>>> print(open('target.pdb').read())   # PDB, C-alpha atoms
ATOM      1  CA  MET A   1      21.360  14.813 -25.581
ATOM      2  CA  THR A   2      22.554  18.384 -25.015
ATOM      3  CA  ASP A   3      23.025  19.895 -21.561
ATOM      4  CA  ASP A   4      19.888  22.012 -22.058
ATOM      5  CA  THR A   5      17.848  18.964 -22.992
ATOM      6  CA  THR A   6      19.241  17.047 -20.032
ATOM      7  CA  ASP A   7      18.209  19.903 -17.742
ATOM      8  CA  LEU A   8      14.679  19.871 -19.183
ATOM      9  CA  ALA A   9      14.456  16.100 -18.772
ATOM     10  CA  THR A  10      15.657  16.360 -15.178
ATOM     11  CA  GLN A  11      13.205  19.158 -14.384
ATOM     12  CA  ALA A  12      10.278  17.170 -15.768
ATOM     13  CA  PHE A  13      11.272  14.039 -13.887
ATOM     14  CA  VAL A  14      11.735  15.880 -10.592
ATOM     15  CA  ALA A  15       8.432  17.746 -11.042
ATOM     16  CA  HIS A  16       6.531  14.452 -11.377
ATOM     17  CA  ARG A  17       8.650  12.235  -9.152
ATOM     18  CA  ASN A  18       6.135  12.001  -6.285
ATOM     19  CA  LEU A  19       3.388  11.036  -8.726
ATOM     20  CA  LEU A  20       5.580   8.394 -10.381
ATOM     21  CA  PHE A  21       6.553   6.939  -6.999
ATOM     22  CA  THR A  22       2.888   6.798  -5.993
ATOM     23  CA  VAL A  23       1.944   4.980  -9.203
ATOM     24  CA  ALA A  24       4.757   2.455  -8.728
ATOM     25  CA  TYR A  25       3.974   1.936  -5.028
ATOM     26  CA  GLU A  26       0.254   1.430  -5.705
ATOM     27  CA  MET A  27       1.161  -1.242  -8.239
ATOM     28  CA  LEU A  28       3.849  -2.971  -6.162
ATOM     29  CA  GLY A  29       3.061  -2.435  -2.483
ATOM     30  CA  SER A  30       6.778  -1.974  -1.842
ATOM     31  CA  ALA A  31       8.644   1.309  -1.498
ATOM     32  CA  ALA A  32      11.964  -0.406  -2.229
ATOM     33  CA  ASP A  33      10.634  -1.849  -5.492
ATOM     34  CA  ALA A  34       9.007   1.487  -6.353
ATOM     35  CA  GLU A  35      12.353   3.256  -5.939
ATOM     36  CA  ASP A  36      13.977   0.724  -8.263
ATOM     37  CA  VAL A  37      11.238   1.362 -10.819
ATOM     38  CA  LEU A  38      11.925   5.101 -10.640
ATOM     39  CA  GLN A  39      15.611   4.481 -11.332
ATOM     40  CA  GLU A  40      14.676   2.415 -14.395
ATOM     41  CA  THR A  41      12.176   5.083 -15.468
ATOM     42  CA  TRP A  42      14.831   7.797 -15.288
ATOM     43  CA  MET A  43      17.280   5.773 -17.391
ATOM     44  CA  ARG A  44      14.696   5.382 -20.143
ATOM     45  CA  TRP A  45      13.411   8.941 -19.828
ATOM     46  CA  ALA A  46      16.923  10.361 -20.145
ATOM     47  CA  ALA A  47      17.243   8.655 -23.539
ATOM     48  CA  VAL A  48      13.938  10.023 -24.907
ATOM     49  CA  ASP A  49      13.861  12.696 -27.620
ATOM     50  CA  LEU A  50      11.869  15.390 -25.777
ATOM     51  CA  GLY A  51      10.995  17.038 -29.089
ATOM     52  CA  ARG A  52       8.710  14.084 -29.814
ATOM     53  CA  VAL A  53       6.975  14.214 -26.411
ATOM     54  CA  GLY A  54       3.756  16.212 -26.276
ATOM     55  CA  ASP A  55       2.666  15.443 -22.680
ATOM     56  CA  ARG A  56       5.686  14.784 -20.470
ATOM     57  CA  ARG A  57       3.619  13.781 -17.436
ATOM     58  CA  ALA A  58       1.682  11.179 -19.426
ATOM     59  CA  TYR A  59       4.861   9.859 -21.048
ATOM     60  CA  LEU A  60       6.584   9.475 -17.681
ATOM     61  CA  VAL A  61       3.564   7.680 -16.219
ATOM     62  CA  ARG A  62       3.612   5.355 -19.227
ATOM     63  CA  ILE A  63       7.289   4.477 -18.713
ATOM     64  CA  THR A  64       6.763   3.985 -14.976
ATOM     65  CA  THR A  65       3.767   1.714 -15.567
ATOM     66  CA  ARG A  66       5.692  -0.480 -17.984
ATOM     67  CA  GLN A  67       8.637  -0.823 -15.609
ATOM     68  CA  ALA A  68       6.324  -1.491 -12.653
ATOM     69  CA  LEU A  69       4.489  -4.149 -14.671
ATOM     70  CA  ASN A  70       7.756  -5.904 -15.459
ATOM     71  CA  ARG A  71       8.773  -5.857 -11.808
ATOM     72  CA  LEU A  72       5.299  -6.871 -10.605
ATOM     73  CA  ARG A  73       5.441 -10.057 -12.652
ATOM     74  CA  THR A  74       8.795 -10.861 -11.046
ATOM     75  CA  VAL A  75       7.821 -10.080  -7.452
ATOM     76  CA  LYS A  76       4.592 -12.094  -7.709
ATOM     77  CA  ARG A  77       6.741 -15.181  -8.244
ATOM     78  CA  ARG A  78       9.021 -14.111  -5.397
ATOM     79  CA  ARG A  79       6.087 -13.665  -3.015
ATOM     80  CA  GLU A  80       4.969 -17.252  -3.610
ATOM     81  CA  SER A  81       7.986 -18.341  -1.545
ATOM     82  CA  TYR A  82       7.633 -15.579   1.088
ATOM     83  CA  VAL A  83       7.811 -16.888   4.659
ATOM     84  CA  GLY A  84       4.400 -16.475   6.290
ATOM     85  CA  GLN A  85       1.922 -13.809   5.287
ATOM     86  CA  TRP A  86       2.934 -10.967   2.985
ATOM     87  CA  LEU A  87       1.731  -7.436   3.773
ATOM     88  CA  PRO A  88       2.487  -4.178   1.918
ATOM     89  CA  GLU A  89       5.351  -2.015   3.127
ATOM     90  CA  PRO A  90       3.846   0.706   5.368
ATOM     91  CA  LEU A  91       4.620   4.367   4.715
ATOM     92  CA  ILE A  92       4.259   7.374   6.998
ATOM     93  CA  THR A  93       2.155   9.751   4.914
ATOM     94  CA  THR A  94       1.487  13.476   4.918
ATOM     95  CA  SER A  95      -1.802  15.082   5.946
ATOM     96  CA  ASP A  96      -2.806  15.848   2.361
ATOM     97  CA  VAL A  97      -2.937  12.109   1.614
ATOM     98  CA  THR A  98      -5.392  11.599   4.480
ATOM     99  CA  GLU A  99      -7.532  14.445   3.147
ATOM    100  CA  ASP A 100      -7.662  12.836  -0.311
ATOM    101  CA  VAL A 101     -10.246  10.188   0.582
ATOM    102  CA  GLU A 102      -9.942   8.214  -2.664
ATOM    103  CA  LEU A 103      -6.142   8.105  -2.566
ATOM    104  CA  ALA A 104      -6.107   7.139   1.119
ATOM    105  CA  GLU A 105      -8.609   4.333   0.527
ATOM    106  CA  SER A 106      -6.697   3.017  -2.494
ATOM    107  CA  MET A 107      -3.456   2.690  -0.540
ATOM    108  CA  SER A 108      -4.916   1.376   2.718
ATOM    109  CA  MET A 109      -3.599  -2.017   3.807
ATOM    110  CA  ALA A 110      -7.013  -3.565   3.170
ATOM    111  CA  MET A 111      -7.230  -2.266  -0.403
ATOM    112  CA  MET A 112      -3.589  -3.002  -1.210
ATOM    113  CA  LEU A 113      -4.228  -6.631  -0.288
ATOM    114  CA  VAL A 114      -7.281  -6.681  -2.564
ATOM    115  CA  LEU A 115      -5.098  -5.338  -5.388
ATOM    116  CA  GLU A 116      -2.650  -8.195  -4.736
ATOM    117  CA  SER A 117      -5.361 -10.608  -5.891
ATOM    118  CA  LEU A 118      -5.478  -9.025  -9.369
ATOM    119  CA  SER A 119      -3.284 -10.085 -12.258
ATOM    120  CA  PRO A 120      -0.414  -7.651 -13.006
ATOM    121  CA  THR A 121      -2.228  -6.150 -16.022
ATOM    122  CA  GLU A 122      -5.536  -5.900 -14.147
ATOM    123  CA  ARG A 123      -3.794  -4.129 -11.290
ATOM    124  CA  ALA A 124      -2.082  -1.661 -13.621
ATOM    125  CA  VAL A 125      -5.326  -0.871 -15.427
ATOM    126  CA  PHE A 126      -7.324  -0.543 -12.202
ATOM    127  CA  VAL A 127      -4.753   1.705 -10.519
ATOM    128  CA  LEU A 128      -4.307   3.987 -13.519
ATOM    129  CA  ARG A 129      -8.034   4.299 -14.218
ATOM    130  CA  GLU A 130      -9.632   4.287 -10.762
ATOM    131  CA  VAL A 131      -6.932   6.027  -8.710
ATOM    132  CA  PHE A 132      -5.196   8.313 -11.196
ATOM    133  CA  GLU A 133      -8.078   8.775 -13.686
ATOM    134  CA  VAL A 134      -5.889   8.087 -16.719
ATOM    135  CA  GLY A 135      -7.785   7.813 -20.010
ATOM    136  CA  TYR A 136      -8.323   4.426 -21.637
ATOM    137  CA  ASP A 137      -6.261   5.307 -24.715
ATOM    138  CA  GLU A 138      -3.291   6.343 -22.569
ATOM    139  CA  ILE A 139      -3.591   3.198 -20.426
ATOM    140  CA  ALA A 140      -3.679   1.121 -23.621
ATOM    141  CA  GLN A 141      -0.289   2.520 -24.634
ATOM    142  CA  ALA A 142       1.126   1.850 -21.166
ATOM    143  CA  VAL A 143       0.045  -1.816 -21.016
ATOM    144  CA  ASP A 144       0.364  -2.617 -24.746
ATOM    145  CA  LYS A 145      -3.314  -3.471 -25.216
ATOM    146  CA  SER A 146      -6.069  -2.058 -27.394
ATOM    147  CA  SER A 147      -8.431   0.524 -25.870
ATOM    148  CA  ASP A 148     -11.323  -1.956 -26.126
ATOM    149  CA  ALA A 149      -9.288  -4.604 -24.320
ATOM    150  CA  VAL A 150      -8.396  -2.104 -21.589
ATOM    151  CA  ARG A 151     -12.072  -1.252 -21.070
ATOM    152  CA  GLN A 152     -12.865  -4.939 -20.629
ATOM    153  CA  ILE A 153      -9.955  -5.412 -18.228
ATOM    154  CA  ALA A 154     -11.035  -2.345 -16.238
ATOM    155  CA  HIS A 155     -14.610  -3.687 -15.984
ATOM    156  CA  ARG A 156     -13.358  -7.096 -14.822
ATOM    157  CA  ALA A 157     -10.963  -5.549 -12.292
ATOM    158  CA  ARG A 158     -13.656  -3.237 -10.873
ATOM    159  CA  ARG A 159     -15.993  -6.192 -10.413
ATOM    160  CA  HIS A 160     -13.254  -8.214  -8.723
ATOM    161  CA  VAL A 161     -12.268  -5.371  -6.392
ATOM    162  CA  GLY A 162     -15.892  -4.476  -5.657
ATOM    163  CA  ALA A 163     -16.571  -7.996  -4.428
ATOM    164  CA  ARG A 164     -13.588  -7.932  -2.050
ATOM    165  CA  ARG A 165     -13.190  -4.359  -0.862
ATOM    166  CA  PRO A 166     -14.507  -3.326   2.590
ATOM    167  CA  ARG A 167     -18.297  -3.041   2.615
ATOM    168  CA  THR A 168     -18.197   0.419   4.160
ATOM    169  CA  THR A 169     -15.438   3.004   4.410
ATOM    170  CA  ALA A 170     -14.876   4.461   7.865
ATOM    171  CA  SER A 171     -14.009   8.129   8.169
ATOM    172  CA  PRO A 172     -10.574   8.985   9.608
ATOM    173  CA  SER A 173     -12.238  10.046  12.871
ATOM    174  CA  GLU A 174     -14.157   6.744  13.137
ATOM    175  CA  ALA A 175     -11.006   4.766  12.428
ATOM    176  CA  GLN A 176      -9.064   6.835  14.943
ATOM    177  CA  ALA A 177     -11.720   6.275  17.637
ATOM    178  CA  ALA A 178     -11.720   2.500  17.090
ATOM    179  CA  LEU A 179      -7.930   2.384  17.091
ATOM    180  CA  GLU A 180      -7.770   4.410  20.313
ATOM    181  CA  SER A 181     -10.210   1.985  21.981
ATOM    182  CA  PHE A 182      -8.056  -0.907  20.774
ATOM    183  CA  ARG A 183      -4.893   0.732  22.121
ATOM    184  CA  ARG A 184      -6.421   1.377  25.552
ATOM    185  CA  ALA A 185      -7.715  -2.183  25.784
ATOM    186  CA  ILE A 186      -4.321  -3.630  24.896
ATOM    187  CA  GLU A 187      -2.473  -1.396  27.357
ATOM    188  CA  THR A 188      -4.880  -2.078  30.237
ATOM    189  CA  GLY A 189      -5.106  -5.784  29.392
ATOM    190  CA  ASN A 190      -8.901  -5.738  29.609
ATOM    191  CA  PRO A 191     -10.250  -8.579  27.438
ATOM    192  CA  GLN A 192     -13.846  -7.344  27.427
ATOM    193  CA  ASP A 193     -12.844  -3.884  26.222
ATOM    194  CA  LEU A 194     -10.909  -5.552  23.415
ATOM    195  CA  LEU A 195     -13.885  -7.741  22.494
ATOM    196  CA  ASP A 196     -16.091  -4.635  22.416
ATOM    197  CA  VAL A 197     -13.990  -2.927  19.710
ATOM    198  CA  LEU A 198     -13.310  -6.045  17.599
ATOM    199  CA  ALA A 199     -15.933  -7.402  15.202
ATOM    200  CA  PRO A 200     -16.749 -11.086  15.931
ATOM    201  CA  ASP A 201     -15.266 -12.178  12.583
ATOM    202  CA  VAL A 202     -12.210  -9.880  12.717
ATOM    203  CA  VAL A 203      -9.100 -11.180  10.920
ATOM    204  CA  LEU A 204      -5.491 -10.601  11.989
ATOM    205  CA  LEU A 205      -2.702 -10.782   9.405
ATOM    206  CA  SER A 206       0.881 -10.437  10.611
ATOM    207  CA  ASP A 207       4.061 -10.203   8.543
ATOM    208  CA  GLY A 208       7.418 -11.133  10.038
ATOM    209  CA  GLY A 209       9.018 -12.170   6.755
ATOM    210  CA  GLY A 210      10.803 -15.015   8.534
ATOM    211  CA  LEU A 211      12.873 -12.409  10.399
ATOM    212  CA  LYS A 212      10.484 -11.708  13.288
ATOM    213  CA  LYS A 213       7.972 -13.945  15.038
ATOM    214  CA  ALA A 214       4.510 -13.648  13.486
ATOM    215  CA  ALA A 215       1.433 -15.793  12.948
ATOM    216  CA  MET A 216       2.058 -17.917   9.854
ATOM    217  CA  HIS A 217      -1.640 -17.984   8.973
ATOM    218  CA  PRO A 218      -4.553 -15.564   9.474
ATOM    219  CA  VAL A 219      -5.973 -15.474  12.993
ATOM    220  CA  VAL A 220      -9.764 -15.357  12.676
ATOM    221  CA  GLY A 221     -12.237 -14.371  15.379
ATOM    222  CA  ALA A 222     -12.255 -11.816  18.181
ATOM    223  CA  GLU A 223     -11.730 -14.286  21.017
ATOM    224  CA  LYS A 224      -8.703 -15.895  19.342
ATOM    225  CA  ILE A 225      -7.157 -12.490  18.707
ATOM    226  CA  VAL A 226      -7.741 -11.416  22.309
ATOM    227  CA  ARG A 227      -5.903 -14.523  23.542
ATOM    228  CA  PHE A 228      -3.178 -14.015  20.930
ATOM    229  CA  TYR A 229      -2.420 -10.436  21.995
ATOM    230  CA  LEU A 230      -3.091 -10.376  25.702
ATOM    231  CA  GLY A 231      -1.347 -13.708  26.199
ATOM    232  CA  GLY A 232       1.657 -12.658  24.123
ATOM    233  CA  THR A 233       1.995  -9.258  25.810
ATOM    234  CA  ALA A 234       1.807 -10.803  29.278
ATOM    235  CA  LYS A 235       4.788 -13.063  28.506
ATOM    236  CA  LEU A 236       7.020 -10.213  27.360
ATOM    237  CA  GLN A 237       9.669  -9.115  29.828
ATOM    238  CA  ALA A 238       9.808  -5.679  28.230
ATOM    239  CA  THR A 239       8.007  -2.345  28.012
ATOM    240  CA  VAL A 240       5.609  -2.261  25.063
ATOM    241  CA  THR A 241       4.073   1.014  23.879
ATOM    242  CA  TRP A 242       1.494   1.656  21.138
ATOM    243  CA  GLU A 243       1.951   5.125  19.618
ATOM    244  CA  PRO A 244      -0.622   6.740  17.277
ATOM    245  CA  THR A 245       0.661   7.482  13.779
ATOM    246  CA  VAL A 246      -0.638   7.753  10.213
ATOM    247  CA  VAL A 247       0.289   4.978   7.792
ATOM    248  CA  ASN A 248      -0.798   4.865   4.149
ATOM    249  CA  GLY A 249      -3.200   7.736   4.716
ATOM    250  CA  SER A 250      -5.011   6.095   7.642
ATOM    251  CA  PRO A 251      -4.660   6.063  11.457
ATOM    252  CA  ALA A 252      -2.314   3.338  12.711
ATOM    253  CA  LEU A 253      -0.161   2.391  15.693
ATOM    254  CA  ALA A 254       3.624   2.209  15.907
ATOM    255  CA  VAL A 255       4.545  -0.575  18.317
ATOM    256  CA  ARG A 256       7.739  -0.099  20.315
ATOM    257  CA  VAL A 257       9.458  -2.606  22.592
ATOM    258  CA  ASP A 258      11.788  -0.969  25.111
ATOM    259  CA  GLY A 259      11.712   2.143  22.930
ATOM    260  CA  GLU A 260      12.724   0.380  19.698
ATOM    261  CA  LEU A 261      10.328   0.205  16.756
ATOM    262  CA  ASP A 262       9.035  -3.363  16.579
ATOM    263  CA  GLY A 263       6.182  -3.057  14.101
ATOM    264  CA  VAL A 264       3.243  -1.119  12.706
ATOM    265  CA  MET A 265      -0.407  -1.984  13.208
ATOM    266  CA  ALA A 266      -2.948  -0.807  10.627
ATOM    267  CA  VAL A 267      -6.654  -1.571  10.797
ATOM    268  CA  ARG A 268      -9.801  -1.846   8.738
ATOM    269  CA  VAL A 269     -12.850  -0.382  10.464
ATOM    270  CA  GLU A 270     -16.478  -1.002   9.491
ATOM    271  CA  ASN A 271     -19.483   0.244  11.461
ATOM    272  CA  THR A 272     -17.235   1.506  14.305
ATOM    273  CA  ARG A 273     -15.643  -1.917  14.903
ATOM    274  CA  ILE A 274     -12.332  -3.319  13.731
ATOM    275  CA  THR A 275     -12.758  -6.022  11.089
ATOM    276  CA  GLY A 276      -9.125  -6.285   9.987
ATOM    277  CA  LEU A 277      -5.772  -5.983  11.765
ATOM    278  CA  TYR A 278      -2.549  -5.758   9.754
ATOM    279  CA  PHE A 279       0.646  -6.073  11.787
ATOM    280  CA  VAL A 280       3.932  -5.553   9.916
ATOM    281  CA  ARG A 281       6.996  -6.701  11.899
ATOM    282  CA  ASN A 282       9.395  -7.553   9.075
ATOM    283  CA  PRO A 283      12.301  -5.146   9.809
ATOM    284  CA  GLU A 284      13.045  -4.832   6.082
ATOM    285  CA  LYS A 285       9.638  -3.155   5.701
ATOM    286  CA  LEU A 286      10.108  -0.690   8.563
ATOM    287  CA  THR A 287      12.976   1.333   7.120
ATOM    288  CA  ARG A 288      10.920   4.314   5.886
ATOM    289  CA  LEU A 289       9.044   5.065   9.097
ATOM    290  CA  ASP A 290      11.323   7.799  10.418
ATOM    291  CA  SER A 291      10.019  10.412   7.965
ATOM    292  CA  GLU A 292       6.974  11.165   5.807
ATOM    293  CA  THR A 293       6.797   9.928   2.235
ATOM    294  CA  PRO A 294       5.181  12.513  -0.104
ATOM    295  CA  LEU A 295       2.544  10.918  -2.336
ATOM    296  CA  THR A 296       0.262  12.515  -4.866
ATOM    297  CA  ARG A 297      -1.965  11.834  -7.862
TER     298      ARG A 297
END
>>> encode(input="target.pdb", output="C-alpha cells")
Amino acid sequence: MTDDTTDLATQAFVAHRNLLFTVAYEMLGSAADAEDVLQETWMRWAAVDLGRVGDRRAYLVRITTRQALNRLRTVKRRRESYVGQWLPEPLITTSDVTEDVELAESMSMAMMLVLESLSPTERAVFVLREVFEVGYDEIAQAVDKSSDAVRQIAHRARRHVGARRPRTTASPSEAQAALESFRRAIETGNPQDLLDVLAPDVVLLSDGGGLKKAAMHPVVGAEKIVRFYLGGTAKLQATVTWEPTVVNGSPALAVRVDGELDGVMAVRVENTRITGLYFVRNPEKLTRLDSETPLTR
C-alpha cells in the first residue's frame, strides 16, 4: 500500500470511527470490547485494496460487524461465568444522542439487556437493520447469510425484541422527572415518597462484577427495593450523593461515596413510574465516565 493509499484509508477510517464504535458497542454492550473490535477492523481495513471498494462506509461497517460477531460469540461464553448480574458498560453521551430518540432507545440499559437475549447473529441483524437502517443485501454480506435468510432472522429478532421491550417509551423529560423524585426520596430517606415513584413490580438489577458488593439476583417489588436502599444507605458511615447525568442517551444518576464515583444508576420509566433500576458498580465498567463518548448512526 502506498503512502497516498494509506492516507486515504486512514481518512476514511477516522471519518467513520464514531459510527463503527457505535455499531460495535450496540452489538457488545462493552466499550472495551468495542475498542478492541475497532483495532481489529483497522488492521483488516489497512490491508484492503481501496480501488475495489465502492462504498467505504458500508465496507467498514461490514468489517466491524464481522469482528464484533466473532467477539460476541466469545464474550457470551465469558458472561456465563460472570459473578452476579451482568449489565452493559455505561457511557456518558452527548446531547445529540439524547435528541435521536431511536438511537437513545436502542442503547438504553433496558434495550441493551433485551438485545443480550438474542443470538449473536440475531443481534447483529437487528442492530444493523433497526438501528442503522442497513439494507438486507448489505447485512447478508456482513453476516455471511443469504438475503432471504437475513429477512427471516430480522423478522424473528423483531418479534423477540417486541415481546420484551418496554411497553411504553418515556420522554427524556418524563424520565428526568421520575429520576429526580427517586433521588429526592433516597436523599431524604422517605419510604413513602420512594414507593410513590416506583411501580409495584419494579425490578432492580445491580452489577458489581465480584469486585463491589451488589445483589446477586434481581430484587423484585417496590417494598423490597425500598428496604434494600434505605436500609443500606442508613448503615453507611459515609457521605453519599446522587448527581444527575446522562448515560446511554437517557437521564441517570452518578452515585458518589465521600466524593468518589461508586456507581451509575440508570432507569426504565413507564407511565411516569420507574419499572426498572440498573445499578452498575463494577469499577471496570466505570472507566469512561469522566468524558463524553461521541456516538452516531
>>> resolve_selection(input="target.pdb", expression="the PyMOL selection byres ((chain A and resi 291) around 10)", output="list in words")
Leu91, Ile92, Thr93, Thr94, Thr287, Arg288, Leu289, Asp290, Glu292, Thr293 and Pro294 of chain A
>>> atom_distance(input="target.pdb", atom1="CA of Ala110 (chain A)", atom2="CA of Leu277 (chain A)")
9.0 Å
>>> residues_around(input="target.pdb", residues="Val264 (chain A)", least_positions_apart="3", cutoff="6 Å", atoms="all atoms listed in the file", output="number ranges by chain")
A: 253-255, 279-280
>>> resolve_selection(input="target.pdb", expression="the PyMOL selection byres ((chain A and resi 107) around 10)", output="list in words")
Thr22, Tyr25, Glu26, Met27, Gly29, Pro88, Pro90, Leu91, Val97, Glu102, Leu103, Ala104, Glu105, Ser106, Ser108, Met109, Ala110, Met111, Met112, Leu113, Leu115, Val131, Val247, Asn248, Gly249 and Ser250 of chain A
>>> closest_residue(input="target.pdb", among="A:Val197, A:Val75, A:Met265, A:Val226", to="Ala177 (chain A)", atoms="only C-alpha atoms")
A:Val197
>>> resolve_selection(input="target.pdb", expression="the PyMOL selection byres ((chain A and resi 267-275) around 6)", output="number ranges by chain")
A: 168, 170, 175, 197-199, 202, 266, 276-278
>>> write_last_selection(input="target.pdb", atoms="C-alpha atoms", output="JSON list (two decimals), in the frame of the given file")
[["chain", "number", "residue", "atom", "x", "y", "z"],
["A", 168, "THR", "CA", -18.20, 0.42, 4.16],
["A", 170, "ALA", "CA", -14.88, 4.46, 7.86],
["A", 175, "ALA", "CA", -11.01, 4.77, 12.43],
["A", 197, "VAL", "CA", -13.99, -2.93, 19.71],
["A", 198, "LEU", "CA", -13.31, -6.04, 17.60],
["A", 199, "ALA", "CA", -15.93, -7.40, 15.20],
["A", 202, "VAL", "CA", -12.21, -9.88, 12.72],
["A", 266, "ALA", "CA", -2.95, -0.81, 10.63],
["A", 276, "GLY", "CA", -9.12, -6.28, 9.99],
["A", 277, "LEU", "CA", -5.77, -5.98, 11.76],
["A", 278, "TYR", "CA", -2.55, -5.76, 9.75]]
>>> atom_distance(input="target.pdb", atom1="CA of Arg77 (chain A)", atom2="CA of Tyr59 (chain A)")
28.2 Å
>>> residues_around(input="target.pdb", residues="region 34-44 of chain A", least_positions_apart="5", cutoff="12 Å", atoms="all atoms listed in the file", output="PyMOL selection string")
chain A and resi 6+9-14+16-29+49-50+59-72+75+88-89+288+293
>>> axis_aligned_box(input="target.pdb", around="region 135-144 of chain A", padding_each_side="6 Å", output="JSON")
{"center_x": -3.6, "center_y": 2.6, "center_z": -22.4, "size_x": 21.4, "size_y": 22.4, "size_z": 16.7}
>>> closest_residue(input="target.pdb", among="A:Glu116, A:Pro283, A:Ala140, A:Val257", to="Trp86 (chain A)", atoms="only C-alpha atoms")
A:Glu116
